[in-house]
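Okay, coords_2.cif is below, mmCIF, C-alpha atoms:
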data_protein
#
loop_
_atom_site.label_atom_id
_atom_site.label_comp_id
_atom_site.auth_asym_id
_atom_site.auth_seq_id
_atom_site.Cartn_x
_atom_site.Cartn_y
_atom_site.Cartn_z
CA MET A 1 -39.20 -39.71 27.13
CA ALA A 2 -38.18 -36.77 29.28
CA PRO A 3 -34.79 -36.36 27.65
CA HIS A 4 -36.41 -36.56 24.22
CA SER A 5 -38.97 -33.83 24.99
CA GLU A 6 -36.23 -31.64 26.53
CA MET A 7 -34.25 -31.80 23.30
CA SER A 8 -37.34 -31.11 21.22
CA SER A 9 -38.11 -27.98 23.21
CA SER A 10 -34.73 -26.40 22.22
CA ASN A 11 -34.67 -23.89 19.34
CA PRO A 12 -33.88 -25.87 16.16
CA HIS A 13 -32.83 -22.67 14.35
CA LYS A 14 -30.23 -21.65 16.90
CA PRO A 15 -26.79 -22.28 15.36
CA THR A 16 -24.14 -24.05 17.37
CA GLY A 17 -20.80 -22.40 18.11
CA GLY A 18 -19.06 -24.63 15.56
CA ALA A 19 -21.51 -23.64 12.83
CA VAL A 20 -20.91 -19.94 13.52
CA VAL A 21 -17.14 -20.36 13.22
CA SER A 22 -17.48 -22.34 10.01
CA SER A 23 -19.87 -19.80 8.48
CA THR A 24 -17.62 -16.89 9.44
CA ALA A 25 -14.51 -18.59 8.05
CA SER A 26 -16.35 -19.35 4.82
CA ALA A 27 -17.47 -15.73 4.48
CA ASP A 28 -13.93 -14.47 5.13
CA LEU A 29 -12.58 -16.88 2.52
CA GLN A 30 -15.09 -15.66 -0.05
CA ASP A 31 -14.22 -12.04 0.74
CA ASN A 32 -10.52 -12.79 0.30
CA LEU A 33 -11.12 -14.58 -3.00
CA ARG A 34 -13.18 -11.65 -4.30
CA ARG A 35 -10.46 -9.23 -3.18
CA LEU A 36 -7.76 -11.28 -4.93
CA ASP A 37 -9.86 -11.40 -8.08
CA ARG A 38 -10.26 -7.60 -8.03
CA LEU A 39 -6.50 -7.19 -7.53
CA ALA A 40 -5.77 -9.54 -10.44
CA ASN A 41 -8.13 -7.59 -12.68
CA LEU A 42 -6.56 -4.33 -11.50
CA GLY A 43 -3.12 -5.70 -12.35
CA LEU A 44 -4.24 -6.62 -15.87
CA LEU A 45 -5.80 -3.18 -16.30
CA ALA A 46 -2.63 -1.45 -15.08
CA ALA A 47 -0.48 -3.52 -17.45
CA SER A 48 -2.76 -2.77 -20.38
CA ALA A 49 -2.81 0.95 -19.60
CA ALA A 50 0.97 1.02 -19.17
CA HIS A 51 1.47 -0.60 -22.59
CA GLU A 52 -0.77 1.98 -24.24
CA ILE A 53 0.99 4.88 -22.47
CA LYS A 54 4.42 3.60 -23.54
CA ASN A 55 3.24 3.30 -27.16
CA GLY A 56 1.91 6.87 -27.05
CA LEU A 57 5.12 8.17 -25.48
CA VAL A 58 7.15 7.09 -28.51
CA ALA A 59 5.23 9.47 -30.78
CA ILE A 60 5.12 12.22 -28.15
CA ASN A 61 8.88 12.03 -27.57
CA THR A 62 9.59 12.31 -31.30
CA PHE A 63 7.30 15.31 -31.73
CA VAL A 64 8.55 17.08 -28.60
CA GLU A 65 12.19 16.61 -29.64
CA MET A 66 11.41 18.29 -32.97
CA LEU A 67 9.75 21.21 -31.20
CA LEU A 68 12.56 21.56 -28.68
CA GLU A 69 15.18 21.71 -31.44
CA LYS A 70 13.39 24.75 -32.86
CA GLY A 71 12.88 26.41 -29.48
CA GLU A 72 15.02 29.02 -27.81
CA ASP A 73 14.50 28.06 -24.19
CA PRO A 74 17.08 25.40 -23.23
CA GLU A 75 15.96 25.41 -19.58
CA MET A 76 12.37 24.52 -20.52
CA ALA A 77 13.69 21.91 -22.95
CA GLY A 78 15.57 20.26 -20.10
CA VAL A 79 12.46 20.27 -17.88
CA VAL A 80 10.30 18.70 -20.59
CA ARG A 81 12.86 15.99 -21.36
CA SER A 82 13.24 15.23 -17.65
CA GLU A 83 9.47 14.91 -17.14
CA LEU A 84 9.04 12.66 -20.17
CA LYS A 85 11.85 10.46 -18.89
CA ARG A 86 10.21 10.30 -15.46
CA ILE A 87 6.84 9.28 -16.94
CA ASP A 88 8.49 6.60 -19.06
CA SER A 89 10.31 5.27 -15.99
CA LEU A 90 7.08 5.16 -13.97
CA VAL A 91 5.22 3.29 -16.72
CA THR A 92 8.10 0.83 -17.11
CA GLN A 93 8.02 0.05 -13.38
CA MET A 94 4.23 -0.37 -13.51
CA LEU A 95 4.68 -2.93 -16.28
CA ARG A 96 7.33 -4.82 -14.34
CA PHE A 97 5.15 -4.86 -11.22
CA ALA A 98 1.83 -5.73 -12.90
CA ALA A 99 3.12 -8.16 -15.52
CA PRO A 100 6.65 -9.39 -14.76
CA LYS A 101 8.39 -11.52 -17.38
CA PRO A 102 8.76 -15.24 -16.64
CA ALA A 103 12.03 -15.94 -14.87
CA ALA A 104 14.83 -17.58 -16.85
CA HIS A 105 16.76 -19.39 -14.13
CA ALA A 106 20.50 -19.98 -14.35
CA SER A 107 23.52 -19.90 -12.04
CA VAL A 108 24.13 -16.34 -10.81
CA ASN A 109 27.26 -15.25 -8.92
CA ILE A 110 25.91 -12.63 -6.53
CA HIS A 111 29.33 -11.15 -5.74
CA HIS A 112 29.98 -10.48 -9.44
CA LEU A 113 26.48 -9.01 -9.78
CA LEU A 114 27.01 -6.74 -6.76
CA ASP A 115 30.34 -5.49 -8.12
CA HIS A 116 28.76 -4.78 -11.51
CA SER A 117 25.86 -2.89 -9.89
CA LEU A 118 28.21 -0.82 -7.70
CA ARG A 119 30.29 0.14 -10.74
CA LEU A 120 27.17 1.50 -12.43
CA LEU A 121 26.51 3.73 -9.40
CA GLU A 122 30.11 4.94 -8.96
CA HIS A 123 29.45 8.35 -10.55
CA GLN A 124 26.47 9.08 -8.29
CA MET A 125 28.35 7.99 -5.18
CA THR A 126 31.38 10.10 -6.05
CA GLY A 127 29.17 13.15 -6.56
CA ARG A 128 27.55 12.62 -3.15
CA MET A 129 30.92 11.88 -1.46
CA ILE A 130 29.77 8.39 -0.49
CA THR A 131 32.35 5.72 0.29
CA ILE A 132 31.78 2.02 -0.39
CA LYS A 133 32.62 -0.77 2.01
CA ARG A 134 32.47 -4.35 0.69
CA ASP A 135 32.53 -7.28 3.09
CA TYR A 136 31.89 -10.47 1.14
CA ARG A 137 31.96 -13.14 3.84
CA ALA A 138 29.80 -15.70 2.03
CA LEU A 139 31.75 -18.72 0.80
CA LEU A 140 28.67 -19.93 -1.07
CA GLY A 141 27.82 -16.97 -3.30
CA THR A 142 26.00 -18.57 -6.23
CA VAL A 143 22.22 -18.75 -6.45
CA ARG A 144 19.82 -20.21 -8.99
CA GLY A 145 17.76 -17.43 -10.46
CA ASP A 146 17.03 -14.87 -13.16
CA GLU A 147 20.10 -12.63 -13.46
CA SER A 148 18.14 -9.72 -14.96
CA GLN A 149 15.53 -9.72 -12.19
CA LEU A 150 18.13 -10.08 -9.44
CA HIS A 151 20.17 -7.26 -10.97
CA GLN A 152 17.10 -5.03 -11.01
CA ALA A 153 16.36 -5.79 -7.34
CA LEU A 154 19.95 -5.14 -6.23
CA MET A 155 20.14 -1.92 -8.25
CA ASN A 156 16.92 -0.68 -6.66
CA LEU A 157 18.19 -1.43 -3.15
CA LEU A 158 21.61 0.14 -3.79
CA LEU A 159 20.10 3.22 -5.43
CA ASN A 160 17.70 3.64 -2.50
CA ALA A 161 20.67 3.52 -0.13
CA VAL A 162 22.55 6.15 -2.15
CA GLU A 163 19.53 8.45 -2.34
CA ALA A 164 18.94 8.09 1.41
CA MET A 165 22.24 9.85 2.07
CA SER A 166 22.61 13.59 1.59
CA ASN A 167 25.28 15.36 -0.44
CA ASN A 168 27.37 15.69 2.73
CA GLY A 169 28.68 12.16 2.34
CA GLY A 170 28.03 8.82 3.93
CA GLU A 171 29.00 5.17 3.82
CA LEU A 172 27.37 2.41 1.81
CA THR A 173 28.16 -1.03 3.22
CA VAL A 174 27.47 -4.26 1.37
CA VAL A 175 27.85 -7.48 3.35
CA THR A 176 27.21 -11.06 2.27
CA GLU A 177 27.06 -14.07 4.57
CA ASN A 178 25.84 -17.64 4.58
CA SER A 179 23.28 -18.96 7.03
CA THR A 180 21.42 -22.23 7.57
CA GLY A 181 17.62 -22.40 7.66
CA ASN A 182 15.44 -24.57 9.91
CA ALA A 183 15.45 -27.40 7.36
CA GLY A 184 19.24 -27.29 7.07
CA HIS A 185 19.23 -25.52 3.70
CA HIS A 186 22.01 -23.02 3.04
CA ARG A 187 21.03 -19.44 2.33
CA LEU A 188 22.84 -16.34 1.12
CA LYS A 189 22.09 -13.09 2.90
CA ILE A 190 22.92 -9.72 1.35
CA HIS A 191 22.95 -6.72 3.70
CA ILE A 192 22.80 -3.26 2.08
CA ARG A 193 23.37 -0.62 4.74
CA ASP A 194 23.36 3.19 4.48
CA THR A 195 24.11 5.97 6.94
CA GLY A 196 21.17 8.12 5.88
CA ALA A 197 18.29 9.63 7.81
CA GLY A 198 16.56 6.29 8.38
CA ILE A 199 12.88 5.43 8.01
CA ALA A 200 10.26 6.77 10.38
CA GLU A 201 8.79 4.03 12.59
CA GLU A 202 5.25 4.63 11.32
CA ASN A 203 6.42 4.03 7.72
CA LEU A 204 8.40 0.83 8.30
CA ALA A 205 5.38 -1.44 7.90
CA ARG A 206 4.50 0.17 4.54
CA VAL A 207 7.85 0.40 2.75
CA PHE A 208 7.12 -2.66 0.56
CA GLU A 209 3.59 -1.52 -0.22
CA ALA A 210 3.03 -0.71 -3.90
CA PHE A 211 2.78 3.04 -4.64
CA PHE A 212 3.73 4.04 -1.10
CA THR A 213 6.57 6.57 -1.11
CA THR A 214 7.90 9.47 0.92
CA LYS A 215 10.08 10.76 -1.95
CA LYS A 216 8.97 13.89 -3.78
CA ASN A 217 9.21 12.27 -7.22
CA GLY A 218 9.12 8.64 -6.13
CA THR A 219 6.90 6.00 -7.74
CA GLY A 220 6.54 3.72 -4.73
CA LEU A 221 7.22 0.65 -6.89
CA GLY A 222 10.96 0.04 -6.45
CA LEU A 223 10.82 -1.80 -3.12
CA ALA A 224 7.59 -3.60 -4.06
CA ILE A 225 9.37 -4.98 -7.12
CA CYS A 226 12.38 -5.98 -4.98
CA GLN A 227 10.12 -7.93 -2.63
CA ARG A 228 8.37 -9.65 -5.54
CA VAL A 229 11.72 -10.68 -7.03
CA ALA A 230 12.85 -12.05 -3.66
CA HIS A 231 9.65 -14.10 -3.26
CA GLU A 232 9.82 -15.42 -6.82
CA HIS A 233 13.32 -16.71 -5.99
CA HIS A 234 12.02 -18.41 -2.82
CA GLY A 235 13.70 -15.73 -0.73
CA GLU A 236 12.80 -12.94 1.65
CA LEU A 237 13.39 -9.21 1.96
CA GLU A 238 13.35 -7.33 5.24
CA VAL A 239 14.32 -3.90 6.50
CA ARG A 240 15.82 -2.60 9.72
CA SER A 241 16.06 1.11 10.33
CA GLU A 242 16.78 3.65 13.02
CA THR A 243 15.85 7.29 12.56
CA GLY A 244 18.96 9.43 12.20
CA ARG A 245 21.31 6.44 11.86
CA GLY A 246 20.37 4.77 8.60
CA SER A 247 18.70 1.67 7.22
CA THR A 248 19.67 -1.88 6.31
CA PHE A 249 17.84 -3.95 3.71
CA ILE A 250 18.49 -7.69 3.88
CA ILE A 251 17.66 -10.01 1.01
CA SER A 252 17.92 -13.72 1.73
CA LEU A 253 18.11 -16.29 -1.10
CA PRO A 254 18.65 -20.07 -1.22
CA VAL A 255 22.14 -20.91 -2.51
CA GLU A 256 22.55 -23.21 -5.47
#

Turn this file's structure into structure tokens for me.
Amino acid sequence: MAPHSEMSSSNPHKPTGGAVVSSTASADLQDNLRRLDRLANLGLLAASAAHEIKNGLVAINTFVEMLLEKGEDPEMAGVVRSELKRIDSLVTQMLRFAAPKPAAHASVNIHHLLDHSLRLLEHQMTGRMITIKRDYRALLGTVRGDESQLHQALMNLLLNAVEAMSNNGGELTVVTENSTGNAGHHRLKIHIRDTGAGIAEENLARVFEAFFTTKKNGTGLGLAICQRVAHEHHGELEVRSETGRGSTFIISLPVE
């Protein structure tokens, strides 16, 4: 009877260590679910607001253009047009981030897509005295994905690289290579390297965070969209940077 009375004398309300862990894990899970629900609602709200702003901008643009045609201040006209264009661009990126279109997967030749994207940026690179170096080492250069989304991601990464370099010139290097993952699956890696100022160490962990930017007129959505596109294509996006020497963004995708 002694053992029985010894057990009875213990505090029945005292939780065991296992119960504490389980309770804490459950509470953390509930907190995470509530946080995800709030983020989902915020995304829907942002998408709804962006749609309404874009609809309003159509009428505003038409009216402003009429006023500007009658005005006598071409400099102010240029400023107004530039600001309206910037707002429209911001709203468009918010829509793409909050409510991306469903992917339409097909075979995409990444080398062709890179060449097309670089051609679109030729004028900007010439103006900034930036030289291009292509090093397409990948023998397997075709992926299964949405060409429009992949084009958007590559354009964002290339444009970021161009803007990271000053008007004194620089070198934009684009490298592709094949690698093999842990499960033996082939992957295509795209390295986009610039010789700009680099990213400060304290900002590296936040570069893919939505709305985080160090640019004066930046939206902070470009790299967040790039990361989303990479993940939706079962890929990854990472950055390596050294202050004063430039940055390299690496997007890794499964080959077809």

For this session: Name the residues that the PyMOL selection byres ((chain A and resi 140) around 7) picks from the file above, as a list in words, using the file's chain letters and numbers.
Result: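 For this structure, the PyMOL selection byres ((chain A and resi 140) around 7) resolves to Ala138, Leu139, Gly141, Thr142, Asn178 and Val255 of chain A.
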
Exercise. So how far away is atom CA of Met125 of chain A from atom CA of Ala161 of chain A, in Å?
Worked result: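 It comes out at 10.2 Å.
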
For this session: Identify all residues satisfying the PyMOL selection byres ((chain A and resi 236) around 12) in the given file; provide them as number ranges by chain.
Result: A: 187-190, 208, 226-235, 237-239, 249-254

Problem set entry | Counting all atoms listed in the file, the option among A:Val80, A:Met129, A:Met66, A:Ile199 closest to Thr214 of chain A |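 Result for the nearest residue to Thr214 of chain A: A:Ile199.
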
Problem set entry | Contacts of segment 165-174 of chain A at 7 Å (only C-alpha atoms; same-chain gap of 5+ positions) as JSON, numbers by chain | {"A": [128, 129, 130, 131, 132, 133, 134, 135, 191, 192, 193, 194, 195, 196, 197]}

Exercise. Looking at A:Thr243, A:Thr180, A:Asn156, A:Asn61, which one is nearest to Gly222 of chain A, with distances taken over only C-alpha atoms?
Worked result: A:Asn156

Exercise. Applied to the shown file, which residues does the PyMOL selection byres ((chain A and resi 220) around 9) return, written as an MDAnalysis selection string?
Worked result: chainID A and resid 207:215 218:219 221:224

Problem set entry | Å distance separating atom CA of Leu121 of chain A from atom CA of Val143 of chain A, one decimal place | 23.1 Å

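Between atom CA of Ser117 of chain A and atom CA of Leu154 of chain A there is a distance of 7.3 Å.
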
Exercise. Nearest to Arg144 of chain A among A:Ser107, A:Ser82, A:Ser241, A:Thr176, with distances taken over only C-alpha atoms: which residue is it?
Worked result: A:Ser107

For this session: Would you list the contacts of Glu147 of chain A as a PyMOL selection string, taking every protein, DNA or RNA residue within 12 Å and counting only C-alpha atoms, but skipping same-chain residues closer than 5 positions in sequence?
Result: chain A and resi 103-110+112-114+116-117+142+152-155+229+233

Problem set entry | Proximity to Gly56 of chain A - best of A:Glu177, A:Glu201, A:Asp115, A:Asp88, all atoms listed in the file |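 Closest candidate: A:Asp88.
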
Around all listed atoms of segment 170-182 of chain A, padded 4 Å per side, what centre and edge lengths does the axis-aligned box have in Å to one decimal, as AutoDock Vina command-line options?
--center_x 22.2 --center_y -7.9 --center_z 5.6 --size_x 21.6 --size_y 41.4 --size_z 16.5

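Considering the residues A:Thr62, A:Lys70, A:Leu158, A:Leu57 and counting only C-alpha atoms, Arg119 of chain A has its shortest atom-to-atom contact with A:Leu158.
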
Problem set entry | Option closest in space to Glu256 of chain A, from A:His186, A:Arg240, A:Arg86, A:Lys216 [counting only C-alpha atoms] |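 Once distances to Glu256 of chain A are computed over only C-alpha atoms, the minimum belongs to A:His186.
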
Please produce segment 165-190 of chain A, completed to N, CA and C atoms, as a short mmCIF file (atom, residue, chain, number, x, y, z; two decimals), in the coordinates of the input.
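Output below, filename selection.cif:
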data_model
loop_
_atom_site.label_atom_id
_atom_site.label_comp_id
_atom_site.auth_asym_id
_atom_site.auth_seq_id
_atom_site.Cartn_x
_atom_site.Cartn_y
_atom_site.Cartn_z
N MET A 165 21.17 9.05 1.49
CA MET A 165 22.24 9.85 2.07
C MET A 165 22.33 11.21 1.38
N SER A 166 22.57 12.23 2.13
CA SER A 166 22.61 13.59 1.59
C SER A 166 23.92 13.81 0.83
N ASN A 167 24.07 15.02 0.30
CA ASN A 167 25.28 15.36 -0.44
C ASN A 167 26.48 15.61 0.48
N ASN A 168 26.28 15.47 1.77
CA ASN A 168 27.37 15.69 2.73
C ASN A 168 28.20 14.42 2.95
N GLY A 169 27.90 13.39 2.22
CA GLY A 169 28.68 12.16 2.34
C GLY A 169 27.98 11.09 3.16
N GLY A 170 28.59 9.95 3.19
CA GLY A 170 28.03 8.82 3.93
C GLY A 170 28.79 7.56 3.57
N GLU A 171 28.34 6.45 4.10
CA GLU A 171 29.00 5.17 3.82
C GLU A 171 27.96 4.14 3.42
N LEU A 172 28.22 3.50 2.29
CA LEU A 172 27.37 2.41 1.81
C LEU A 172 28.12 1.10 2.07
N THR A 173 27.52 0.24 2.86
CA THR A 173 28.16 -1.03 3.22
C THR A 173 27.37 -2.19 2.63
N VAL A 174 28.09 -3.07 1.95
CA VAL A 174 27.47 -4.26 1.37
C VAL A 174 28.13 -5.49 1.98
N VAL A 175 27.34 -6.28 2.66
CA VAL A 175 27.85 -7.48 3.35
C VAL A 175 27.11 -8.70 2.83
N THR A 176 27.85 -9.78 2.60
CA THR A 176 27.21 -11.06 2.27
C THR A 176 27.65 -12.09 3.31
N GLU A 177 26.74 -13.01 3.62
CA GLU A 177 27.06 -14.07 4.57
C GLU A 177 26.18 -15.28 4.30
N ASN A 178 26.64 -16.42 4.71
CA ASN A 178 25.84 -17.64 4.58
C ASN A 178 25.18 -17.96 5.91
N SER A 179 23.98 -18.51 5.83
CA SER A 179 23.28 -18.96 7.03
C SER A 179 22.58 -20.28 6.70
N THR A 180 22.11 -20.95 7.75
CA THR A 180 21.42 -22.23 7.57
C THR A 180 20.01 -22.10 8.10
N GLY A 181 19.02 -22.47 7.26
CA GLY A 181 17.62 -22.40 7.66
C GLY A 181 17.23 -23.54 8.58
N ASN A 182 15.94 -23.54 8.98
CA ASN A 182 15.44 -24.57 9.91
C ASN A 182 15.56 -25.97 9.32
N ALA A 183 15.40 -26.08 8.01
CA ALA A 183 15.45 -27.40 7.36
C ALA A 183 16.87 -27.79 6.97
N GLY A 184 17.85 -26.98 7.38
CA GLY A 184 19.24 -27.29 7.07
C GLY A 184 19.70 -26.79 5.72
N HIS A 185 18.85 -26.04 5.02
CA HIS A 185 19.23 -25.52 3.70
C HIS A 185 20.10 -24.27 3.85
N HIS A 186 21.12 -24.18 3.01
CA HIS A 186 22.01 -23.02 3.04
C HIS A 186 21.37 -21.83 2.33
N ARG A 187 21.57 -20.66 2.90
CA ARG A 187 21.03 -19.44 2.33
C ARG A 187 22.12 -18.39 2.22
N LEU A 188 21.92 -17.46 1.30
CA LEU A 188 22.84 -16.34 1.12
C LEU A 188 22.11 -15.07 1.52
N LYS A 189 22.69 -14.35 2.46
CA LYS A 189 22.09 -13.09 2.90
C LYS A 189 22.93 -11.92 2.42
N ILE A 190 22.26 -10.92 1.85
CA ILE A 190 22.92 -9.72 1.35
C ILE A 190 22.41 -8.53 2.17
#
